[in-house]
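What's in run39.cif: mmCIF, C-alpha atoms
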data_work
loop_
_atom_site.group_PDB
_atom_site.id
_atom_site.type_symbol
_atom_site.label_atom_id
_atom_site.label_comp_id
_atom_site.auth_asym_id
_atom_site.auth_seq_id
_atom_site.Cartn_x
_atom_site.Cartn_y
_atom_site.Cartn_z
ATOM 1 C CA MET A 1 16.450 -15.097 2.257
ATOM 2 C CA LEU A 2 16.990 -15.133 -1.524
ATOM 3 C CA PHE A 3 14.725 -18.165 -1.841
ATOM 4 C CA ARG A 4 11.937 -16.453 0.129
ATOM 5 C CA SER A 5 12.282 -13.294 -1.970
ATOM 6 C CA TYR A 6 12.120 -15.348 -5.148
ATOM 7 C CA ARG A 7 9.068 -17.210 -3.832
ATOM 8 C CA HIS A 8 7.277 -13.932 -3.119
ATOM 9 C CA PHE A 9 8.239 -12.657 -6.571
ATOM 10 C CA ARG A 10 6.873 -15.825 -8.172
ATOM 11 C CA GLY A 11 3.691 -15.384 -6.128
ATOM 12 C CA ASN A 12 3.101 -11.957 -7.686
ATOM 13 C CA ALA A 13 4.088 -12.612 -11.297
ATOM 14 C CA VAL A 14 3.155 -14.862 -14.187
ATOM 15 C CA PHE A 15 5.338 -16.156 -17.027
ATOM 16 C CA THR A 16 3.917 -15.203 -20.410
ATOM 17 C CA ARG A 17 5.295 -14.184 -23.791
ATOM 18 C CA GLY A 18 8.785 -15.292 -22.835
ATOM 19 C CA ARG A 19 9.206 -13.375 -19.550
ATOM 20 C CA TRP A 20 7.947 -12.956 -15.987
ATOM 21 C CA ARG A 21 5.395 -10.166 -15.744
ATOM 22 C CA HIS A 22 3.994 -8.218 -12.803
ATOM 23 C CA PHE A 23 0.248 -7.576 -12.656
ATOM 24 C CA THR A 24 0.300 -4.217 -14.485
ATOM 25 C CA ASN A 25 2.430 -5.648 -17.282
ATOM 26 C CA LEU A 26 0.092 -8.627 -17.507
ATOM 27 C CA LEU A 27 -2.871 -6.242 -17.697
ATOM 28 C CA ASN A 28 -1.105 -4.378 -20.524
ATOM 29 C CA CYS A 29 -0.864 -7.647 -22.462
ATOM 30 C CA ALA A 30 -4.528 -8.468 -21.843
ATOM 31 C CA LEU A 31 -5.677 -4.994 -22.876
ATOM 32 C CA GLU A 32 -3.563 -5.126 -26.008
ATOM 33 C CA ASP A 33 -5.087 -8.502 -26.938
ATOM 34 C CA ALA A 34 -8.602 -7.194 -26.259
ATOM 35 C CA THR A 35 -8.313 -3.828 -28.003
ATOM 36 C CA GLY A 36 -5.502 -4.210 -30.524
ATOM 37 C CA GLN A 37 -3.870 -1.097 -29.041
ATOM 38 C CA ARG A 38 -0.650 -0.841 -27.058
ATOM 39 C CA HIS A 39 -1.104 0.044 -23.368
ATOM 40 C CA ASP A 40 1.532 1.309 -20.976
ATOM 41 C CA LEU A 41 0.077 1.020 -17.480
ATOM 42 C CA HIS A 42 2.832 1.215 -14.866
ATOM 43 C CA VAL A 43 2.514 0.990 -11.089
ATOM 44 C CA ALA A 44 4.815 4.002 -10.579
ATOM 45 C CA ARG A 45 3.009 6.258 -13.052
ATOM 46 C CA THR A 46 -0.514 5.805 -11.715
ATOM 47 C CA PRO A 47 -1.964 7.036 -8.417
ATOM 48 C CA SER A 48 -1.257 4.373 -5.802
ATOM 49 C CA LEU A 49 -4.545 2.740 -4.850
ATOM 50 C CA ALA A 50 -3.132 1.764 -1.443
ATOM 51 C CA CYS A 51 -2.246 5.405 -0.782
ATOM 52 C CA CYS A 52 -5.646 6.596 -2.025
ATOM 53 C CA ILE A 53 -7.422 4.160 0.298
ATOM 54 C CA LEU A 54 -5.286 5.205 3.280
ATOM 55 C CA LYS A 55 -5.584 8.945 2.651
ATOM 56 C CA SER A 56 -9.370 8.715 2.241
ATOM 57 C CA PHE A 57 -9.717 6.479 5.333
ATOM 58 C CA LEU A 58 -7.629 8.874 7.452
ATOM 59 C CA ALA A 59 -9.409 11.989 6.147
ATOM 60 C CA ALA A 60 -12.761 10.511 7.213
ATOM 61 C CA ARG A 61 -11.340 10.338 10.751
ATOM 62 C CA GLY A 62 -10.040 13.900 10.846
ATOM 63 C CA LEU A 63 -6.439 13.023 10.008
ATOM 64 C CA ARG A 64 -4.557 14.834 7.270
ATOM 65 C CA ALA A 65 -2.231 12.870 4.988
ATOM 66 C CA GLU A 66 -0.166 13.814 1.938
ATOM 67 C CA ILE A 67 1.010 11.326 -0.677
ATOM 68 C CA VAL A 68 4.424 10.741 -2.228
ATOM 69 C CA ASN A 69 3.446 8.432 -5.055
ATOM 70 C CA PHE A 70 6.830 7.124 -6.236
ATOM 71 C CA PHE A 71 9.992 7.587 -4.167
ATOM 72 C CA ASN A 72 12.462 7.431 -7.074
ATOM 73 C CA ARG A 73 10.649 10.199 -8.938
ATOM 74 C CA ASP A 74 9.158 12.317 -6.153
ATOM 75 C CA ARG A 75 12.093 12.838 -3.769
ATOM 76 C CA ASP A 76 11.866 16.620 -3.965
ATOM 77 C CA ARG A 77 8.239 16.489 -2.841
ATOM 78 C CA LEU A 78 9.195 14.201 0.039
ATOM 79 C CA ILE A 79 11.895 16.663 1.139
ATOM 80 C CA GLU A 80 9.342 19.476 1.024
ATOM 81 C CA LEU A 81 6.853 17.523 3.144
ATOM 82 C CA LEU A 82 9.525 16.489 5.671
ATOM 83 C CA ALA A 83 10.426 20.160 6.125
ATOM 84 C CA ARG A 84 6.892 20.704 7.493
ATOM 85 C CA SER A 85 7.701 18.465 10.498
ATOM 86 C CA PRO A 86 4.991 15.817 10.059
ATOM 87 C CA ARG A 87 4.097 13.636 13.023
ATOM 88 C CA ALA A 88 4.803 10.438 11.082
ATOM 89 C CA VAL A 89 5.729 9.064 7.674
ATOM 90 C CA ALA A 90 4.106 5.787 6.580
ATOM 91 C CA ILE A 91 5.772 3.569 3.967
ATOM 92 C CA THR A 92 3.707 1.029 2.041
ATOM 93 C CA THR A 93 5.343 -2.192 0.803
ATOM 94 C CA THR A 94 2.944 -3.407 -1.877
ATOM 95 C CA VAL A 95 5.686 -4.123 -4.430
ATOM 96 C CA TYR A 96 8.637 -4.925 -2.119
ATOM 97 C CA THR A 97 10.017 -8.396 -1.412
ATOM 98 C CA THR A 98 13.232 -7.511 0.506
ATOM 99 C CA PRO A 99 14.174 -4.996 3.239
ATOM 100 C CA ARG A 100 16.618 -3.099 1.003
ATOM 101 C CA PRO A 101 14.229 -0.605 -0.671
ATOM 102 C CA VAL A 102 12.580 0.114 2.692
ATOM 103 C CA ARG A 103 15.994 0.825 4.241
ATOM 104 C CA GLU A 104 16.836 3.214 1.370
ATOM 105 C CA ILE A 105 13.669 5.232 1.969
ATOM 106 C CA VAL A 106 14.164 5.199 5.756
ATOM 107 C CA GLU A 107 17.724 6.515 5.423
ATOM 108 C CA PHE A 108 16.536 9.266 3.094
ATOM 109 C CA ILE A 109 13.811 10.304 5.534
ATOM 110 C CA ARG A 110 16.214 10.356 8.495
ATOM 111 C CA GLN A 111 18.672 12.424 6.502
ATOM 112 C CA HIS A 112 16.075 15.157 5.972
ATOM 113 C CA ASN A 113 14.108 14.821 9.228
ATOM 114 C CA PRO A 114 15.733 12.717 11.977
ATOM 115 C CA ASP A 115 12.864 13.273 14.422
ATOM 116 C CA VAL A 116 9.838 12.037 12.461
ATOM 117 C CA ARG A 117 8.370 8.624 13.360
ATOM 118 C CA ILE A 118 8.682 6.154 10.477
ATOM 119 C CA VAL A 119 5.915 3.561 10.106
ATOM 120 C CA VAL A 120 6.063 0.619 7.685
ATOM 121 C CA GLY A 121 3.141 -1.615 6.737
ATOM 122 C CA GLY A 122 1.656 -3.492 3.827
ATOM 123 C CA PRO A 123 2.115 -6.941 2.252
ATOM 124 C CA HIS A 124 5.874 -7.245 2.835
ATOM 125 C CA ILE A 125 5.497 -6.630 6.565
ATOM 126 C CA PHE A 126 2.542 -9.032 6.731
ATOM 127 C CA ASN A 127 4.594 -11.687 4.910
ATOM 128 C CA THR A 128 7.617 -11.075 7.148
ATOM 129 C CA CYS A 129 5.540 -11.552 10.296
ATOM 130 C CA SER A 130 3.610 -14.525 8.902
ATOM 131 C CA ASP A 131 6.644 -16.402 7.553
ATOM 132 C CA HIS A 132 9.203 -15.882 10.351
ATOM 133 C CA ASP A 133 9.515 -16.305 14.093
ATOM 134 C CA ALA A 134 9.942 -13.259 16.348
ATOM 135 C CA ASP A 135 13.768 -13.443 16.429
ATOM 136 C CA THR A 136 14.027 -13.537 12.633
ATOM 137 C CA GLN A 137 11.506 -10.723 12.352
ATOM 138 C CA SER A 138 13.679 -8.617 14.659
ATOM 139 C CA VAL A 139 16.716 -9.154 12.428
ATOM 140 C CA LEU A 140 14.753 -8.163 9.321
ATOM 141 C CA PHE A 141 13.238 -5.123 11.048
ATOM 142 C CA GLN A 142 16.697 -4.037 12.204
ATOM 143 C CA GLU A 143 17.741 -4.133 8.565
ATOM 144 C CA MET A 144 14.806 -1.888 7.587
ATOM 145 C CA ASP A 145 15.568 0.459 10.527
ATOM 146 C CA ALA A 146 12.092 2.006 10.829
ATOM 147 C CA ASP A 147 10.421 2.801 14.169
ATOM 148 C CA ILE A 148 7.014 1.107 13.922
ATOM 149 C CA TYR A 149 5.632 -1.789 11.857
ATOM 150 C CA VAL A 150 1.963 -2.574 11.198
ATOM 151 C CA PHE A 151 1.230 -6.302 11.164
ATOM 152 C CA ASP A 152 -2.137 -6.689 9.447
ATOM 153 C CA SER A 153 -3.312 -7.612 5.967
ATOM 154 C CA GLN A 154 -5.435 -4.433 5.914
ATOM 155 C CA GLY A 155 -4.017 -1.990 8.447
ATOM 156 C CA GLU A 156 -6.069 1.145 7.740
ATOM 157 C CA ASN A 157 -7.662 1.256 11.172
ATOM 158 C CA THR A 158 -4.409 0.403 12.933
ATOM 159 C CA LEU A 159 -2.678 3.301 11.196
ATOM 160 C CA SER A 160 -5.466 5.728 12.118
ATOM 161 C CA GLU A 161 -5.375 4.620 15.774
ATOM 162 C CA LEU A 162 -1.595 4.939 15.770
ATOM 163 C CA LEU A 163 -1.677 8.495 14.399
ATOM 164 C CA LEU A 164 -4.275 9.497 16.987
ATOM 165 C CA GLU A 165 -2.107 7.976 19.726
ATOM 166 C CA LEU A 166 0.933 9.905 18.476
ATOM 167 C CA ARG A 167 -1.034 13.114 19.055
ATOM 168 C CA ARG A 168 -0.942 12.463 22.805
ATOM 169 C CA PRO A 169 1.749 14.264 24.857
ATOM 170 C CA VAL A 170 3.083 10.854 25.951
ATOM 171 C CA PRO A 171 2.030 8.199 23.412
ATOM 172 C CA ASP A 172 1.566 4.620 24.601
ATOM 173 C CA LEU A 173 1.850 2.368 21.548
ATOM 174 C CA SER A 174 0.748 -0.671 23.548
ATOM 175 C CA ARG A 175 -2.782 0.761 23.355
ATOM 176 C CA VAL A 176 -2.800 0.317 19.571
ATOM 177 C CA PRO A 177 -3.254 -3.246 18.226
ATOM 178 C CA ASN A 178 -1.178 -4.911 15.479
ATOM 179 C CA LEU A 179 2.017 -2.944 16.129
ATOM 180 C CA ILE A 180 5.660 -3.934 16.419
ATOM 181 C CA TRP A 181 7.947 -1.094 17.461
ATOM 182 C CA THR A 182 11.403 -0.277 18.758
ATOM 183 C CA GLU A 183 12.875 2.549 20.788
ATOM 184 C CA ASP A 184 16.538 1.564 20.439
ATOM 185 C CA GLY A 185 16.656 -0.104 17.007
ATOM 186 C CA PHE A 186 17.453 -3.542 18.448
ATOM 187 C CA SER A 187 14.735 -4.749 20.826
ATOM 188 C CA PHE A 188 11.094 -4.863 19.711
ATOM 189 C CA CYS A 189 7.774 -4.610 21.531
ATOM 190 C CA ARG A 190 4.537 -6.097 20.247
ATOM 191 C CA SER A 191 0.979 -5.029 20.944
ATOM 192 C CA GLU A 192 -2.137 -7.194 20.877
ATOM 193 C CA ARG A 193 -3.013 -8.842 17.565
ATOM 194 C CA ARG A 194 -6.488 -7.780 16.496
ATOM 195 C CA PRO A 195 -6.981 -8.600 12.784
ATOM 196 C CA GLU A 196 -8.983 -5.955 10.955
ATOM 197 C CA ASN A 197 -12.121 -6.511 8.940
ATOM 198 C CA ASN A 198 -12.965 -3.056 7.622
ATOM 199 C CA ASP A 199 -16.289 -2.555 5.846
ATOM 200 C CA LEU A 200 -15.569 -2.113 2.128
ATOM 201 C CA ASP A 201 -18.827 -0.300 1.396
ATOM 202 C CA ALA A 202 -18.369 2.141 4.273
ATOM 203 C CA ASN A 203 -14.783 2.919 3.283
ATOM 204 C CA VAL A 204 -14.769 3.469 -0.473
ATOM 205 C CA VAL A 205 -12.345 6.134 -1.623
ATOM 206 C CA ASP A 206 -13.623 9.710 -1.356
ATOM 207 C CA TRP A 207 -12.152 11.239 -4.504
ATOM 208 C CA ALA A 208 -13.038 14.732 -3.274
ATOM 209 C CA VAL A 209 -10.022 14.741 -0.937
ATOM 210 C CA PHE A 210 -7.587 14.515 -3.872
ATOM 211 C CA ASP A 211 -6.341 17.175 -6.255
ATOM 212 C CA ASP A 212 -7.267 16.635 -9.891
ATOM 213 C CA ASP A 213 -3.587 16.792 -10.857
ATOM 214 C CA TYR A 214 -2.867 13.713 -8.748
ATOM 215 C CA LEU A 215 -5.662 11.667 -10.321
ATOM 216 C CA SER A 216 -4.195 11.535 -13.789
ATOM 217 C CA PRO A 217 -4.228 10.059 -16.360
ATOM 218 C CA PHE A 218 -6.283 7.313 -14.712
ATOM 219 C CA VAL A 219 -7.037 5.891 -11.290
ATOM 220 C CA TRP A 220 -7.665 2.466 -9.845
ATOM 221 C CA MET A 221 -10.889 1.637 -8.022
ATOM 222 C CA ARG A 222 -11.152 -1.179 -5.477
ATOM 223 C CA THR A 223 -14.154 -3.462 -5.945
ATOM 224 C CA ALA A 224 -13.206 -6.391 -3.723
ATOM 225 C CA ARG A 225 -10.800 -7.601 -1.093
ATOM 226 C CA SER A 226 -9.001 -10.892 -1.731
ATOM 227 C CA CYS A 227 -9.962 -13.161 -4.638
ATOM 228 C CA ALA A 228 -12.329 -16.035 -5.415
ATOM 229 C CA PHE A 229 -9.657 -17.947 -7.327
ATOM 230 C CA ALA A 230 -6.515 -19.821 -6.260
ATOM 231 C CA CYS A 231 -4.083 -19.260 -9.121
ATOM 232 C CA ALA A 232 -0.745 -21.040 -8.685
ATOM 233 C CA PHE A 233 1.202 -17.862 -9.471
ATOM 234 C CA CYS A 234 -0.636 -15.591 -6.990
ATOM 235 C CA ARG A 235 -0.365 -15.372 -3.191
ATOM 236 C CA TYR A 236 -2.964 -12.657 -2.747
ATOM 237 C CA PRO A 237 -5.817 -14.871 -1.415
ATOM 238 C CA ALA A 238 -3.532 -16.024 1.402
ATOM 239 C CA ILE A 239 -2.864 -12.396 2.319
ATOM 240 C CA GLY A 240 -6.323 -10.956 1.648
ATOM 241 C CA GLY A 241 -8.297 -13.588 3.522
ATOM 242 C CA ALA A 242 -11.919 -14.377 2.714
ATOM 243 C CA LEU A 243 -13.325 -12.797 -0.437
ATOM 244 C CA THR A 244 -15.306 -9.622 0.293
ATOM 245 C CA LEU A 245 -17.164 -7.725 -2.440
ATOM 246 C CA ASN A 246 -18.495 -4.199 -2.703
ATOM 247 C CA TYR A 247 -22.206 -3.889 -3.469
ATOM 248 C CA ILE A 248 -22.624 -2.896 -7.106
ATOM 249 C CA GLU A 249 -24.647 0.236 -6.240
ATOM 250 C CA VAL A 250 -21.820 1.446 -4.013
ATOM 251 C CA LEU A 251 -19.448 0.984 -6.931
ATOM 252 C CA ARG A 252 -21.781 2.874 -9.253
ATOM 253 C CA ARG A 253 -21.898 5.800 -6.823
ATOM 254 C CA GLN A 254 -18.125 5.757 -6.491
ATOM 255 C CA ASP A 255 -17.718 5.652 -10.270
ATOM 256 C CA ARG A 256 -20.074 8.622 -10.640
ATOM 257 C CA LYS A 257 -18.011 10.545 -8.077
ATOM 258 C CA SER A 258 -14.848 9.745 -10.003
ATOM 259 C CA THR A 259 -16.383 11.255 -13.153
ATOM 260 C CA ARG A 260 -15.872 14.712 -11.658
ATOM 261 C CA LEU A 261 -12.454 14.215 -13.270
ATOM 262 C CA ASN A 262 -12.193 15.645 -16.767
ATOM 263 C CA SER A 263 -12.579 13.519 -19.861
ATOM 264 C CA SER A 264 -8.833 12.873 -20.166
ATOM 265 C CA HIS A 265 -8.967 10.758 -16.989
ATOM 266 C CA ARG A 266 -9.793 7.069 -17.008
ATOM 267 C CA CYS A 267 -11.085 5.069 -14.075
ATOM 268 C CA ILE A 268 -9.772 1.519 -14.187
ATOM 269 C CA SER A 269 -11.942 -0.487 -11.870
ATOM 270 C CA TYR A 270 -12.591 -4.193 -11.946
ATOM 271 C CA ALA A 271 -10.214 -5.995 -14.300
ATOM 272 C CA VAL A 272 -12.967 -8.170 -15.806
ATOM 273 C CA PHE A 273 -14.792 -5.115 -17.108
ATOM 274 C CA CYS A 274 -11.520 -3.656 -18.357
ATOM 275 C CA LEU A 275 -10.709 -6.758 -20.340
ATOM 276 C CA LYS A 276 -14.105 -6.692 -22.074
ATOM 277 C CA LYS A 277 -13.460 -3.287 -23.625
#
Translate this file's structure into structure tokens.
Amino acid sequence: MLFRSYRHFRGNAVFTRGRWRHFTNLLNCALEDATGQRHDLHVARTPSLACCILKSFLAARGLRAEIVNFFNRDRDRLIELLARSPRAVAITTTVYTTPRPVREIVEFIRQHNPDVRIVVGGPHIFNTCSDHDADTQSVLFQEMDADIYVFDSQGENTLSELLLELRRPVPDLSRVPNLIWTEDGFSFCRSERRPENNDLDANVVDWAVFDDDYLSPFVWMRTARSCAFACAFCRYPAIGGALTLNYIEVLRRQDRKSTRLNSSHRCISYAVFCLKK
């Protein structure tokens, strides 16, 4: 387990300037080299792009979602939202490599709302399902202790179908693809695998569904899915699949929509353009 966690860490970091650095820290170094100014981008202090994509995708399908950006800092907001009796809470795993942080969040949620369905998806779940057989997956999912897991490298459509199914008086999760779920915490059921291929241009983030206060001091903007390169330190192409690009005009329209934010906001889009400035 420790070896696999270390391998995933190595796949998402690069050694430079005497230490291992995650992508935001690496981007800080590149921006400092390019501009001569110190930058302090941090994944926990910027609006989560994964959450922005999910919230926008769900809103377009008539589903309401609220965001807790960073669990360690925003626990009071999570408690407030749990008091409203939501139908489900979804946990993303973009920066996780072990079950422990997921279990911590799950326990916190159950402490404040024992009845809400807890859904976990994202890269860590995809890696867990891709790297292990079903029995090992079950052990790891028992350690996380959530109710439902989304097994897909994208997962937006699966989550929306799941939330619509949970609206039914008697939900049948077998109708929703790409799910692994448990009713007793020990045995797991699996629905049909139907890998997603969501249209990037049709599903760009609609910034109008977010409060200005959330989109500060800058936001990320997705311009592609997967990557054209095969860097030794990065596992993303294996997760993201074939490279898919947004049309440039779609990006221009999205960038113009993001400029409704005041001048103190910055929109960090494609890293190549960022590094040129």
statement: A straight line from atom CA of A:Glu165 to atom CA of A:Val119 spans 13.3 Å
field: Residue contacts of A:Phe141 (10 Å, all atoms listed in the file) excluding same-chain residues fewer than 2 positions away, as a PyMOL selection string
entry: chain A and resi 99+102-103+120+125+128+135-139+143-149+180-182+185-188
query: For A:Met221, which of A:Ala50, A:Val176, A:Phe70, A:Ala34 is the closest residue, counting all atoms listed in the file?
result: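 Among the listed residues, A:Ala50 lies closest to A:Met221.
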message: Which residue is closest to A:Gly122? Choose from A:Ala224, A:Arg253, A:Ile239, A:Arg100 and count only C-alpha atoms.
response: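 Checking each candidate against A:Gly122, we get A:Ile239 as the closest.
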field: Proximity to A:Ala88 - best of A:Asn113, A:Thr244, A:Asn178, A:Asn25, only C-alpha atoms
entry: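 Checking each of A:Asn113, A:Thr244, A:Asn178, A:Asn25 against A:Ala88, counting only C-alpha atoms, the winner is A:Asn113.
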- request: On this file, the PyMOL selection byres ((chain A and resi 59) around 12) gives some set of residues; write that set as a PyMOL selection string.
  value: chain A and resi 51-58+60-66+156-157+160+163+203+205-210
query: What residues come out when you apply the PyMOL selection byres ((chain A and resi 68) around 12) to this file, written as a ChimeraX atom specification?
result: /A:44-48,50-52,55,65-67,69-82,89-92,105,214
Export of the given selection (C-alpha atoms) as a PDB file, in the frame of the given file:
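File selection_0.pdb, as written:
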ATOM      1  CA  ALA A  44       4.815   4.002 -10.579  1.00  0.00           C
ATOM      2  CA  ARG A  45       3.009   6.258 -13.052  1.00  0.00           C
ATOM      3  CA  THR A  46      -0.514   5.805 -11.715  1.00  0.00           C
ATOM      4  CA  PRO A  47      -1.964   7.036  -8.417  1.00  0.00           C
ATOM      5  CA  SER A  48      -1.257   4.373  -5.802  1.00  0.00           C
ATOM      6  CA  ALA A  50      -3.132   1.764  -1.443  1.00  0.00           C
ATOM      7  CA  CYS A  51      -2.246   5.405  -0.782  1.00  0.00           C
ATOM      8  CA  CYS A  52      -5.646   6.596  -2.025  1.00  0.00           C
ATOM      9  CA  LYS A  55      -5.584   8.945   2.651  1.00  0.00           C
ATOM     10  CA  ALA A  65      -2.231  12.870   4.988  1.00  0.00           C
ATOM     11  CA  GLU A  66      -0.166  13.814   1.938  1.00  0.00           C
ATOM     12  CA  ILE A  67       1.010  11.326  -0.677  1.00  0.00           C
ATOM     13  CA  ASN A  69       3.446   8.432  -5.055  1.00  0.00           C
ATOM     14  CA  PHE A  70       6.830   7.124  -6.236  1.00  0.00           C
ATOM     15  CA  PHE A  71       9.992   7.587  -4.167  1.00  0.00           C
ATOM     16  CA  ASN A  72      12.462   7.431  -7.074  1.00  0.00           C
ATOM     17  CA  ARG A  73      10.649  10.199  -8.938  1.00  0.00           C
ATOM     18  CA  ASP A  74       9.158  12.317  -6.153  1.00  0.00           C
ATOM     19  CA  ARG A  75      12.093  12.838  -3.769  1.00  0.00           C
ATOM     20  CA  ASP A  76      11.866  16.620  -3.965  1.00  0.00           C
ATOM     21  CA  ARG A  77       8.239  16.489  -2.841  1.00  0.00           C
ATOM     22  CA  LEU A  78       9.195  14.201   0.039  1.00  0.00           C
ATOM     23  CA  ILE A  79      11.895  16.663   1.139  1.00  0.00           C
ATOM     24  CA  GLU A  80       9.342  19.476   1.024  1.00  0.00           C
ATOM     25  CA  LEU A  81       6.853  17.523   3.144  1.00  0.00           C
ATOM     26  CA  LEU A  82       9.525  16.489   5.671  1.00  0.00           C
ATOM     27  CA  VAL A  89       5.729   9.064   7.674  1.00  0.00           C
ATOM     28  CA  ALA A  90       4.106   5.787   6.580  1.00  0.00           C
ATOM     29  CA  ILE A  91       5.772   3.569   3.967  1.00  0.00           C
ATOM     30  CA  THR A  92       3.707   1.029   2.041  1.00  0.00           C
ATOM     31  CA  ILE A 105      13.669   5.232   1.969  1.00  0.00           C
ATOM     32  CA  TYR A 214      -2.867  13.713  -8.748  1.00  0.00           C
TER      33      TYR A 214
END
